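Structure data (PDB, N, CA and C atoms) from input-v4.pdb:
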ATOM      1  N   MET A   1       0.821  -1.192   0.000
ATOM      2  CA  MET A   1       0.000   0.000   0.000
ATOM      3  C   MET A   1       0.866   1.258   0.000
ATOM      4  N   LYS A   2       1.936   1.218   0.801
ATOM      5  CA  LYS A   2       2.822   2.376   0.889
ATOM      6  C   LYS A   2       3.464   2.674  -0.471
ATOM      7  N   LYS A   3       3.857   1.611  -1.208
ATOM      8  CA  LYS A   3       4.457   1.806  -2.527
ATOM      9  C   LYS A   3       3.464   2.441  -3.493
ATOM     10  N   VAL A   4       2.211   2.023  -3.401
ATOM     11  CA  VAL A   4       1.178   2.574  -4.273
ATOM     12  C   VAL A   4       1.018   4.063  -4.004
ATOM     13  N   LEU A   5       0.998   4.436  -2.730
ATOM     14  CA  LEU A   5       0.862   5.850  -2.380
ATOM     15  C   LEU A   5       2.061   6.663  -2.847
ATOM     16  N   LEU A   6       3.260   6.103  -2.701
ATOM     17  CA  LEU A   6       4.463   6.807  -3.165
ATOM     18  C   LEU A   6       4.441   6.984  -4.682
ATOM     19  N   MET A   7       4.008   5.945  -5.396
ATOM     20  CA  MET A   7       3.936   6.043  -6.853
ATOM     21  C   MET A   7       2.895   7.082  -7.263
ATOM     22  N   ALA A   8       1.757   7.092  -6.578
ATOM     23  CA  ALA A   8       0.718   8.076  -6.876
ATOM     24  C   ALA A   8       1.238   9.491  -6.624
ATOM     25  N   PHE A   9       1.967   9.661  -5.515
ATOM     26  CA  PHE A   9       2.552  10.965  -5.199
ATOM     27  C   PHE A   9       3.538  11.379  -6.284
ATOM     28  N   ALA A  10       4.381  10.437  -6.698
ATOM     29  CA  ALA A  10       5.385  10.731  -7.734
ATOM     30  C   ALA A  10       4.710  11.148  -9.037
ATOM     31  N   LEU A  11       3.666  10.450  -9.429
ATOM     32  CA  LEU A  11       2.947  10.809 -10.650
ATOM     33  C   LEU A  11       2.280  12.167 -10.526
ATOM     34  N   LEU A  12       1.724  12.430  -9.357
ATOM     35  CA  LEU A  12       1.084  13.718  -9.122
ATOM     36  C   LEU A  12       2.098  14.852  -9.248
ATOM     37  N   VAL A  13       3.260  14.677  -8.637
ATOM     38  CA  VAL A  13       4.298  15.708  -8.699
ATOM     39  C   VAL A  13       4.792  15.878 -10.133
ATOM     40  N   LEU A  14       5.015  14.776 -10.826
ATOM     41  CA  LEU A  14       5.495  14.862 -12.209
ATOM     42  C   LEU A  14       4.482  15.556 -13.113
ATOM     43  N   ASN A  15       3.217  15.236 -12.932
ATOM     44  CA  ASN A  15       2.192  15.831 -13.776
ATOM     45  C   ASN A  15       1.884  17.268 -13.381
ATOM     46  N   ALA A  16       2.108  17.616 -12.124
ATOM     47  CA  ALA A  16       1.823  18.968 -11.653
ATOM     48  C   ALA A  16       2.692  19.987 -12.371
ATOM     49  N   CYS A  17       3.903  19.622 -12.685
ATOM     50  CA  CYS A  17       4.820  20.522 -13.375
ATOM     51  C   CYS A  17       4.660  20.319 -14.873
ATOM     52  N   GLY A  18       3.701  21.022 -15.463
ATOM     53  CA  GLY A  18       3.390  20.818 -16.866
ATOM     54  C   GLY A  18       4.368  21.476 -17.825
ATOM     55  N   ASN A  19       5.062  22.509 -17.392
ATOM     56  CA  ASN A  19       6.050  23.154 -18.247
ATOM     57  C   ASN A  19       7.198  23.661 -17.376
ATOM     58  N   LYS A  20       8.251  24.114 -18.022
ATOM     59  CA  LYS A  20       9.441  24.499 -17.262
ATOM     60  C   LYS A  20       9.172  25.687 -16.341
ATOM     61  N   GLU A  21       8.322  26.599 -16.752
ATOM     62  CA  GLU A  21       8.018  27.753 -15.916
ATOM     63  C   GLU A  21       7.306  27.319 -14.630
ATOM     64  N   SER A  22       6.348  26.392 -14.774
ATOM     65  CA  SER A  22       5.647  25.929 -13.576
ATOM     66  C   SER A  22       6.592  25.116 -12.691
ATOM     67  N   TYR A  23       7.524  24.391 -13.305
ATOM     68  CA  TYR A  23       8.515  23.637 -12.530
ATOM     69  C   TYR A  23       9.357  24.581 -11.678
ATOM     70  N   VAL A  24       9.899  25.617 -12.281
ATOM     71  CA  VAL A  24      10.745  26.566 -11.559
ATOM     72  C   VAL A  24       9.944  27.249 -10.452
ATOM     73  N   LYS A  25       8.714  27.642 -10.749
ATOM     74  CA  LYS A  25       7.859  28.305  -9.758
ATOM     75  C   LYS A  25       7.515  27.358  -8.612
ATOM     76  N   GLU A  26       7.158  26.121  -8.921
ATOM     77  CA  GLU A  26       6.790  25.170  -7.875
ATOM     78  C   GLU A  26       7.990  24.793  -7.008
ATOM     79  N   PHE A  27       9.172  24.717  -7.607
ATOM     80  CA  PHE A  27      10.381  24.439  -6.840
ATOM     81  C   PHE A  27      10.645  25.601  -5.886
ATOM     82  N   SER A  28      10.503  26.817  -6.392
ATOM     83  CA  SER A  28      10.680  28.013  -5.564
ATOM     84  C   SER A  28       9.682  28.011  -4.405
ATOM     85  N   ASP A  29       8.422  27.738  -4.705
ATOM     86  CA  ASP A  29       7.384  27.702  -3.667
ATOM     87  C   ASP A  29       7.692  26.631  -2.625
ATOM     88  N   PHE A  30       8.155  25.485  -3.074
ATOM     89  CA  PHE A  30       8.503  24.395  -2.165
ATOM     90  C   PHE A  30       9.601  24.829  -1.200
ATOM     91  N   VAL A  31      10.673  25.425  -1.722
ATOM     92  CA  VAL A  31      11.788  25.845  -0.872
ATOM     93  C   VAL A  31      11.335  26.934   0.102
ATOM     94  N   GLU A  32      10.517  27.855  -0.351
ATOM     95  CA  GLU A  32      10.014  28.906   0.537
ATOM     96  C   GLU A  32       9.129  28.326   1.637
ATOM     97  N   ASP A  33       8.326  27.331   1.298
ATOM     98  CA  ASP A  33       7.486  26.681   2.305
ATOM     99  C   ASP A  33       8.348  25.976   3.349
ATOM    100  N   VAL A  34       9.379  25.282   2.886
ATOM    101  CA  VAL A  34      10.291  24.613   3.818
ATOM    102  C   VAL A  34      10.972  25.650   4.707
ATOM    103  N   ARG A  35      11.432  26.733   4.107
ATOM    104  CA  ARG A  35      12.095  27.798   4.881
ATOM    105  C   ARG A  35      11.162  28.339   5.970
ATOM    106  N   ALA A  36       9.907  28.514   5.629
ATOM    107  CA  ALA A  36       8.943  29.086   6.572
ATOM    108  C   ALA A  36       8.611  28.140   7.729
ATOM    109  N   HIS A  37       8.719  26.831   7.503
ATOM    110  CA  HIS A  37       8.286  25.869   8.515
ATOM    111  C   HIS A  37       9.383  24.952   9.043
ATOM    112  N   ALA A  38      10.602  25.112   8.576
ATOM    113  CA  ALA A  38      11.691  24.190   8.921
ATOM    114  C   ALA A  38      11.898  24.035  10.417
ATOM    115  N   ASP A  39      11.756  25.110  11.155
ATOM    116  CA  ASP A  39      11.997  25.048  12.601
ATOM    117  C   ASP A  39      11.017  24.129  13.330
ATOM    118  N   SER A  40       9.867  23.910  12.736
ATOM    119  CA  SER A  40       8.868  23.065  13.395
ATOM    120  C   SER A  40       8.740  21.681  12.745
ATOM    121  N   TYR A  41       9.604  21.371  11.768
ATOM    122  CA  TYR A  41       9.524  20.076  11.083
ATOM    123  C   TYR A  41       9.916  18.931  12.005
ATOM    124  N   SER A  42       9.136  17.876  11.928
ATOM    125  CA  SER A  42       9.464  16.621  12.610
ATOM    126  C   SER A  42      10.312  15.781  11.655
ATOM    127  N   ASP A  43      10.797  14.658  12.137
ATOM    128  CA  ASP A  43      11.553  13.753  11.259
ATOM    129  C   ASP A  43      10.692  13.321  10.077
ATOM    130  N   LYS A  44       9.425  13.066  10.331
ATOM    131  CA  LYS A  44       8.517  12.634   9.262
ATOM    132  C   LYS A  44       8.317  13.758   8.234
ATOM    133  N   ASP A  45       8.213  14.996   8.708
ATOM    134  CA  ASP A  45       8.092  16.133   7.791
ATOM    135  C   ASP A  45       9.318  16.235   6.898
ATOM    136  N   TRP A  46      10.509  16.039   7.491
ATOM    137  CA  TRP A  46      11.747  16.102   6.700
ATOM    138  C   TRP A  46      11.801  14.962   5.689
ATOM    139  N   GLU A  47      11.327  13.789   6.067
ATOM    140  CA  GLU A  47      11.306  12.673   5.113
ATOM    141  C   GLU A  47      10.448  13.017   3.904
ATOM    142  N   LYS A  48       9.269  13.592   4.149
ATOM    143  CA  LYS A  48       8.384  13.997   3.050
ATOM    144  C   LYS A  48       9.045  15.067   2.193
ATOM    145  N   ALA A  49       9.634  16.049   2.853
ATOM    146  CA  ALA A  49      10.285  17.137   2.120
ATOM    147  C   ALA A  49      11.461  16.609   1.302
ATOM    148  N   ASP A  50      12.223  15.691   1.879
ATOM    149  CA  ASP A  50      13.363  15.117   1.156
ATOM    150  C   ASP A  50      12.908  14.384  -0.103
ATOM    151  N   LYS A  51      11.815  13.656  -0.002
ATOM    152  CA  LYS A  51      11.295  12.931  -1.172
ATOM    153  C   LYS A  51      10.852  13.907  -2.256
ATOM    154  N   LYS A  52      10.196  14.960  -1.836
ATOM    155  CA  LYS A  52       9.756  15.967  -2.801
ATOM    156  C   LYS A  52      10.963  16.664  -3.428
ATOM    157  N   PHE A  53      11.962  16.973  -2.612
ATOM    158  CA  PHE A  53      13.184  17.596  -3.109
ATOM    159  C   PHE A  53      13.861  16.687  -4.139
ATOM    160  N   GLU A  54      13.918  15.397  -3.854
ATOM    161  CA  GLU A  54      14.518  14.445  -4.791
ATOM    162  C   GLU A  54      13.789  14.441  -6.120
ATOM    163  N   LYS A  55      12.478  14.583  -6.099
ATOM    164  CA  LYS A  55      11.705  14.649  -7.347
ATOM    165  C   LYS A  55      12.044  15.930  -8.113
ATOM    166  N   PHE A  56      12.084  17.054  -7.395
ATOM    167  CA  PHE A  56      12.398  18.324  -8.052
ATOM    168  C   PHE A  56      13.794  18.316  -8.660
ATOM    169  N   THR A  57      14.735  17.660  -8.006
ATOM    170  CA  THR A  57      16.117  17.676  -8.496
ATOM    171  C   THR A  57      16.453  16.459  -9.352
ATOM    172  N   GLY A  58      15.553  15.520  -9.427
ATOM    173  CA  GLY A  58      15.791  14.301 -10.197
ATOM    174  C   GLY A  58      14.897  14.219 -11.418
ATOM    175  N   ASP A  59      13.812  13.474 -11.279
ATOM    176  CA  ASP A  59      12.917  13.194 -12.405
ATOM    177  C   ASP A  59      12.382  14.451 -13.078
ATOM    178  N   ILE A  60      11.884  15.373 -12.280
ATOM    179  CA  ILE A  60      11.275  16.560 -12.873
ATOM    180  C   ILE A  60      12.341  17.430 -13.543
ATOM    181  N   TYR A  61      13.486  17.559 -12.895
ATOM    182  CA  TYR A  61      14.577  18.344 -13.505
ATOM    183  C   TYR A  61      14.957  17.741 -14.855
ATOM    184  N   GLU A  62      15.115  16.434 -14.889
ATOM    185  CA  GLU A  62      15.488  15.765 -16.135
ATOM    186  C   GLU A  62      14.462  16.002 -17.236
ATOM    187  N   LYS A  63      13.204  16.079 -16.840
ATOM    188  CA  LYS A  63      12.123  16.297 -17.804
ATOM    189  C   LYS A  63      12.290  17.629 -18.542
ATOM    190  N   PHE A  64      12.797  18.653 -17.833
ATOM    191  CA  PHE A  64      12.899  19.990 -18.409
ATOM    192  C   PHE A  64      14.332  20.468 -18.642
ATOM    193  N   ALA A  65      15.324  19.687 -18.312
ATOM    194  CA  ALA A  65      16.724  20.131 -18.346
ATOM    195  C   ALA A  65      17.130  20.753 -19.678
ATOM    196  N   GLU A  66      16.737  20.155 -20.773
ATOM    197  CA  GLU A  66      17.147  20.673 -22.087
ATOM    198  C   GLU A  66      16.468  21.990 -22.436
ATOM    199  N   GLU A  67      15.316  22.252 -21.839
ATOM    200  CA  GLU A  67      14.580  23.485 -22.125
ATOM    201  C   GLU A  67      15.026  24.658 -21.259
ATOM    202  N   LEU A  68      15.676  24.377 -20.152
ATOM    203  CA  LEU A  68      16.036  25.418 -19.198
ATOM    204  C   LEU A  68      17.159  26.305 -19.717
ATOM    205  N   THR A  69      17.018  27.594 -19.491
ATOM    206  CA  THR A  69      18.081  28.527 -19.847
ATOM    207  C   THR A  69      19.169  28.459 -18.774
ATOM    208  N   ALA A  70      20.303  29.042 -19.056
ATOM    209  CA  ALA A  70      21.390  29.091 -18.070
ATOM    210  C   ALA A  70      20.925  29.829 -16.815
ATOM    211  N   GLU A  71      20.151  30.885 -16.982
ATOM    212  CA  GLU A  71      19.633  31.648 -15.848
ATOM    213  C   GLU A  71      18.696  30.787 -14.996
ATOM    214  N   GLU A  72      17.830  30.019 -15.636
ATOM    215  CA  GLU A  72      16.918  29.140 -14.897
ATOM    216  C   GLU A  72      17.680  28.037 -14.170
ATOM    217  N   LYS A  73      18.729  27.532 -14.793
ATOM    218  CA  LYS A  73      19.550  26.509 -14.135
ATOM    219  C   LYS A  73      20.248  27.084 -12.906
ATOM    220  N   MET A  74      20.679  28.330 -12.987
ATOM    221  CA  MET A  74      21.295  28.992 -11.836
ATOM    222  C   MET A  74      20.264  29.187 -10.725
ATOM    223  N   GLU A  75      19.061  29.551 -11.109
ATOM    224  CA  GLU A  75      17.987  29.731 -10.137
ATOM    225  C   GLU A  75      17.695  28.410  -9.422
ATOM    226  N   ILE A  76      17.633  27.328 -10.168
ATOM    227  CA  ILE A  76      17.391  26.008  -9.590
ATOM    228  C   ILE A  76      18.542  25.615  -8.665
ATOM    229  N   ALA A  77      19.765  25.919  -9.073
ATOM    230  CA  ALA A  77      20.924  25.627  -8.222
ATOM    231  C   ALA A  77      20.821  26.394  -6.901
ATOM    232  N   GLN A  78      20.304  27.615  -6.950
ATOM    233  CA  GLN A  78      20.114  28.398  -5.721
ATOM    234  C   GLN A  78      19.074  27.743  -4.820
ATOM    235  N   TYR A  79      18.008  27.208  -5.408
ATOM    236  CA  TYR A  79      16.986  26.519  -4.615
ATOM    237  C   TYR A  79      17.566  25.258  -3.981
ATOM    238  N   GLN A  80      18.384  24.551  -4.740
ATOM    239  CA  GLN A  80      19.026  23.342  -4.203
ATOM    240  C   GLN A  80      19.932  23.696  -3.031
ATOM    241  N   THR A  81      20.688  24.747  -3.178
ATOM    242  CA  THR A  81      21.599  25.186  -2.120
ATOM    243  C   THR A  81      20.819  25.639  -0.886
ATOM    244  N   ALA A  82      19.756  26.385  -1.105
ATOM    245  CA  ALA A  82      18.943  26.870   0.023
ATOM    246  C   ALA A  82      18.328  25.693   0.777
ATOM    247  N   TYR A  83      17.788  24.727   0.049
ATOM    248  CA  TYR A  83      17.187  23.567   0.711
ATOM    249  C   TYR A  83      18.248  22.789   1.477
ATOM    250  N   SER A  84      19.384  22.577   0.855
ATOM    251  CA  SER A  84      20.465  21.830   1.507
ATOM    252  C   SER A  84      20.914  22.533   2.786
ATOM    253  N   ALA A  85      20.987  23.847   2.748
ATOM    254  CA  ALA A  85      21.383  24.604   3.945
ATOM    255  C   ALA A  85      20.340  24.448   5.053
ATOM    256  N   LEU A  86      19.074  24.480   4.691
ATOM    257  CA  LEU A  86      18.010  24.282   5.685
ATOM    258  C   LEU A  86      18.091  22.888   6.290
ATOM    259  N   ARG A  87      18.402  21.931   5.445
ATOM    260  CA  ARG A  87      18.498  20.537   5.903
ATOM    261  C   ARG A  87      19.679  20.359   6.862
ATOM    262  N   VAL A  88      20.807  20.959   6.521
ATOM    263  CA  VAL A  88      21.991  20.873   7.374
ATOM    264  C   VAL A  88      21.713  21.564   8.713
ATOM    265  N   LYS A  89      21.092  22.727   8.646
ATOM    266  CA  LYS A  89      20.759  23.457   9.871
ATOM    267  C   LYS A  89      19.876  22.601  10.777
ATOM    268  N   ALA A  90      18.904  21.923  10.196
ATOM    269  CA  ALA A  90      18.020  21.049  10.981
ATOM    270  C   ALA A  90      18.811  19.896  11.580
ATOM    271  N   GLY A  91      19.779  19.384  10.833
ATOM    272  CA  GLY A  91      20.614  18.299  11.338
ATOM    273  C   GLY A  91      21.453  18.743  12.525
ATOM    274  N   PHE A  92      21.997  19.940  12.460
ATOM    275  CA  PHE A  92      22.776  20.475  13.577
ATOM    276  C   PHE A  92      21.889  20.702  14.791
ATOM    277  N   LYS A  93      20.680  21.165  14.541
ATOM    278  CA  LYS A  93      19.733  21.396  15.631
ATOM    279  C   LYS A  93      19.440  20.077  16.342
ATOM    280  N   ASP A  94      19.195  19.020  15.561
ATOM    281  CA  ASP A  94      18.941  17.695  16.140
ATOM    282  C   ASP A  94      20.177  17.178  16.862
ATOM    283  N   PHE A  95      21.346  17.419  16.288
ATOM    284  CA  PHE A  95      22.597  16.978  16.899
ATOM    285  C   PHE A  95      22.791  17.672  18.248
ATOM    286  N   GLY A  96      22.482  18.959  18.291
ATOM    287  CA  GLY A  96      22.585  19.712  19.545
ATOM    288  C   GLY A  96      21.646  19.171  20.607
ATOM    289  N   LYS A  97      20.432  18.812  20.196
ATOM    290  CA  LYS A  97      19.478  18.223  21.142
ATOM    291  C   LYS A  97      19.999  16.890  21.667
ATOM    292  N   ASP A  98      20.577  16.087  20.769
ATOM    293  CA  ASP A  98      21.123  14.790  21.182
ATOM    294  C   ASP A  98      22.242  14.964  22.203
ATOM    295  N   ILE A  99      23.099  15.951  21.986
ATOM    296  CA  ILE A  99      24.203  16.205  22.920
ATOM    297  C   ILE A  99      23.646  16.652  24.273
ATOM    298  N   GLU A 100      22.650  17.529  24.254
ATOM    299  CA  GLU A 100      22.042  17.986  25.506
ATOM    300  C   GLU A 100      21.421  16.812  26.270
ATOM    301  N   GLU A 101      20.728  15.936  25.562
ATOM    302  CA  GLU A 101      20.112  14.777  26.209
ATOM    303  C   GLU A 101      21.177  13.843  26.786
ATOM    304  N   ALA A 102      22.246  13.625  26.038
ATOM    305  CA  ALA A 102      23.327  12.764  26.518
ATOM    306  C   ALA A 102      23.988  13.368  27.752
ATOM    307  N   ALA A 103      24.194  14.684  27.742
ATOM    308  CA  ALA A 103      24.801  15.358  28.894
ATOM    309  C   ALA A 103      23.893  15.250  30.116
ATOM    310  N   GLN A 104      22.605  15.399  29.910
ATOM    311  CA  GLN A 104      21.652  15.288  31.022
ATOM    312  C   GLN A 104      21.661  13.871  31.593
ATOM    313  N   LYS A 105      21.694  12.874  30.725
ATOM    314  CA  LYS A 105      21.728  11.491  31.187
ATOM    315  C   LYS A 105      23.023  11.194  31.948
ATOM    316  N   ALA A 106      24.124  11.748  31.455
ATOM    317  CA  ALA A 106      25.410  11.551  32.141
ATOM    318  C   ALA A 106      25.377  12.218  33.506
ATOM    319  N   LYS A 107      24.814  13.420  33.579
ATOM    320  CA  LYS A 107      24.701  14.133  34.845
ATOM    321  C   LYS A 107      23.852  13.338  35.831
ATOM    322  N   GLU A 108      22.731  12.818  35.368
ATOM    323  CA  GLU A 108      21.857  12.028  36.226
ATOM    324  C   GLU A 108      22.563  10.763  36.704
ATOM    325  N   ALA A 109      23.331  10.127  35.819
ATOM    326  CA  ALA A 109      24.060   8.919  36.187
ATOM    327  C   ALA A 109      25.109   9.225  37.258
ATOM    328  N   LEU A 110      25.781  10.367  37.122
ATOM    329  CA  LEU A 110      26.795  10.756  38.093
ATOM    330  C   LEU A 110      26.172  11.105  39.446
ATOM    331  N   GLU A 111      24.964  11.648  39.399
ATOM    332  CA  GLU A 111      24.281  12.001  40.636
ATOM    333  C   GLU A 111      23.578  10.810  41.269
ATOM    334  N   GLY A 112      23.567   9.680  40.557
ATOM    335  CA  GLY A 112      22.965   8.445  41.074
ATOM    336  C   GLY A 112      21.450   8.388  40.934
ATOM    337  N   LYS A 113      20.908   9.089  39.970
ATOM    338  CA  LYS A 113      19.450   9.070  39.766
ATOM    339  C   LYS A 113      19.039   7.911  38.920
TER     340      LYS A 113
END
In structure tokens, what does this structure look like?
Amino acid sequence: MKKVLLMAFALLVLNACGNKESYVKEFSDFVEDVRAHADSYSDKDWEKADKKFEKFTGDIYEKFAEELTAEEKMEIAQYQTAYSALRVKAGFKDFGKDIEEAAQKAKEALEGK
């Protein structure tokens, strides 16, 4: 069932971008949405966003790559960089939380709790 839903999602995303202009606009909208909500994303939200990002940078990009101007390719590269930076920032945030939790557990262990 999960594979069917993923395939349906993939087809929906592929068909949603009917031309290169809509592809560039939808990629931009996607990155802006992630930017606006990244601080509140759960692991599951990031998984969904990562899958969508992979579609924008993989299958959908390939569909329009030959039609894209150099300027549009630069714009897409900026979206890729922005998303990657948001993803790294989220990873550091999670890493910081993990360190804080480990430190708290170590403190409790030392105090005999």
Worksheet item: Could you state the separation of atom C of Leu68 in chain A and atom C of His37 in chain A in Å, given to one decimal place?
Response: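 Distance reported for this atom pair: 29.8 Å.
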- [ ] Run the PyMOL selection byres ((chain A and resi 83-87) around 8) against the file shown and list the residues it catches, as a ChimeraX atom specification.
- [x] /A:30-32,34-35,38,77-82,88-93
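Across the structure, CA of Ala65 in chain A and atom C of Asp45 in chain A are spaced 26.6 Å apart.
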Query raised in the report: Can you list, as a PyMOL selection string, the residues that the PyMOL selection byres (((chain A and resi 46-59 and name CA) around 8) and name CA) selects here?
Result: chain A and resi 10+13-14+23+27+34+41-45+60-63+80
Taking N, CA and C atoms for each residue, export the selection above as a CSV table (one decimal), keeping the file's coordinate frame.
chain,number,residue,atom,x,y,z
A,10,ALA,N,4.4,10.4,-6.7
A,10,ALA,CA,5.4,10.7,-7.7
A,10,ALA,C,4.7,11.1,-9.0
A,13,VAL,N,3.3,14.7,-8.6
A,13,VAL,CA,4.3,15.7,-8.7
A,13,VAL,C,4.8,15.9,-10.1
A,14,LEU,N,5.0,14.8,-10.8
A,14,LEU,CA,5.5,14.9,-12.2
A,14,LEU,C,4.5,15.6,-13.1
A,23,TYR,N,7.5,24.4,-13.3
A,23,TYR,CA,8.5,23.6,-12.5
A,23,TYR,C,9.4,24.6,-11.7
A,27,PHE,N,9.2,24.7,-7.6
A,27,PHE,CA,10.4,24.4,-6.8
A,27,PHE,C,10.6,25.6,-5.9
A,34,VAL,N,9.4,25.3,2.9
A,34,VAL,CA,10.3,24.6,3.8
A,34,VAL,C,11.0,25.6,4.7
A,41,TYR,N,9.6,21.4,11.8
A,41,TYR,CA,9.5,20.1,11.1
A,41,TYR,C,9.9,18.9,12.0
A,42,SER,N,9.1,17.9,11.9
A,42,SER,CA,9.5,16.6,12.6
A,42,SER,C,10.3,15.8,11.7
A,43,ASP,N,10.8,14.7,12.1
A,43,ASP,CA,11.6,13.8,11.3
A,43,ASP,C,10.7,13.3,10.1
A,44,LYS,N,9.4,13.1,10.3
A,44,LYS,CA,8.5,12.6,9.3
A,44,LYS,C,8.3,13.8,8.2
A,45,ASP,N,8.2,15.0,8.7
A,45,ASP,CA,8.1,16.1,7.8
A,45,ASP,C,9.3,16.2,6.9
A,60,ILE,N,11.9,15.4,-12.3
A,60,ILE,CA,11.3,16.6,-12.9
A,60,ILE,C,12.3,17.4,-13.5
A,61,TYR,N,13.5,17.6,-12.9
A,61,TYR,CA,14.6,18.3,-13.5
A,61,TYR,C,15.0,17.7,-14.9
A,62,GLU,N,15.1,16.4,-14.9
A,62,GLU,CA,15.5,15.8,-16.1
A,62,GLU,C,14.5,16.0,-17.2
A,63,LYS,N,13.2,16.1,-16.8
A,63,LYS,CA,12.1,16.3,-17.8
A,63,LYS,C,12.3,17.6,-18.5
A,80,GLN,N,18.4,24.6,-4.7
A,80,GLN,CA,19.0,23.3,-4.2
A,80,GLN,C,19.9,23.7,-3.0
Practice item. Step one, run DSSP on the backbone; step two, keep only residues of range 41-86 of chain A assigned to helix (DSSP H, G or I); then write them as a PyMOL selection string. Key: chain A and resi 43-57+59-64+70-86
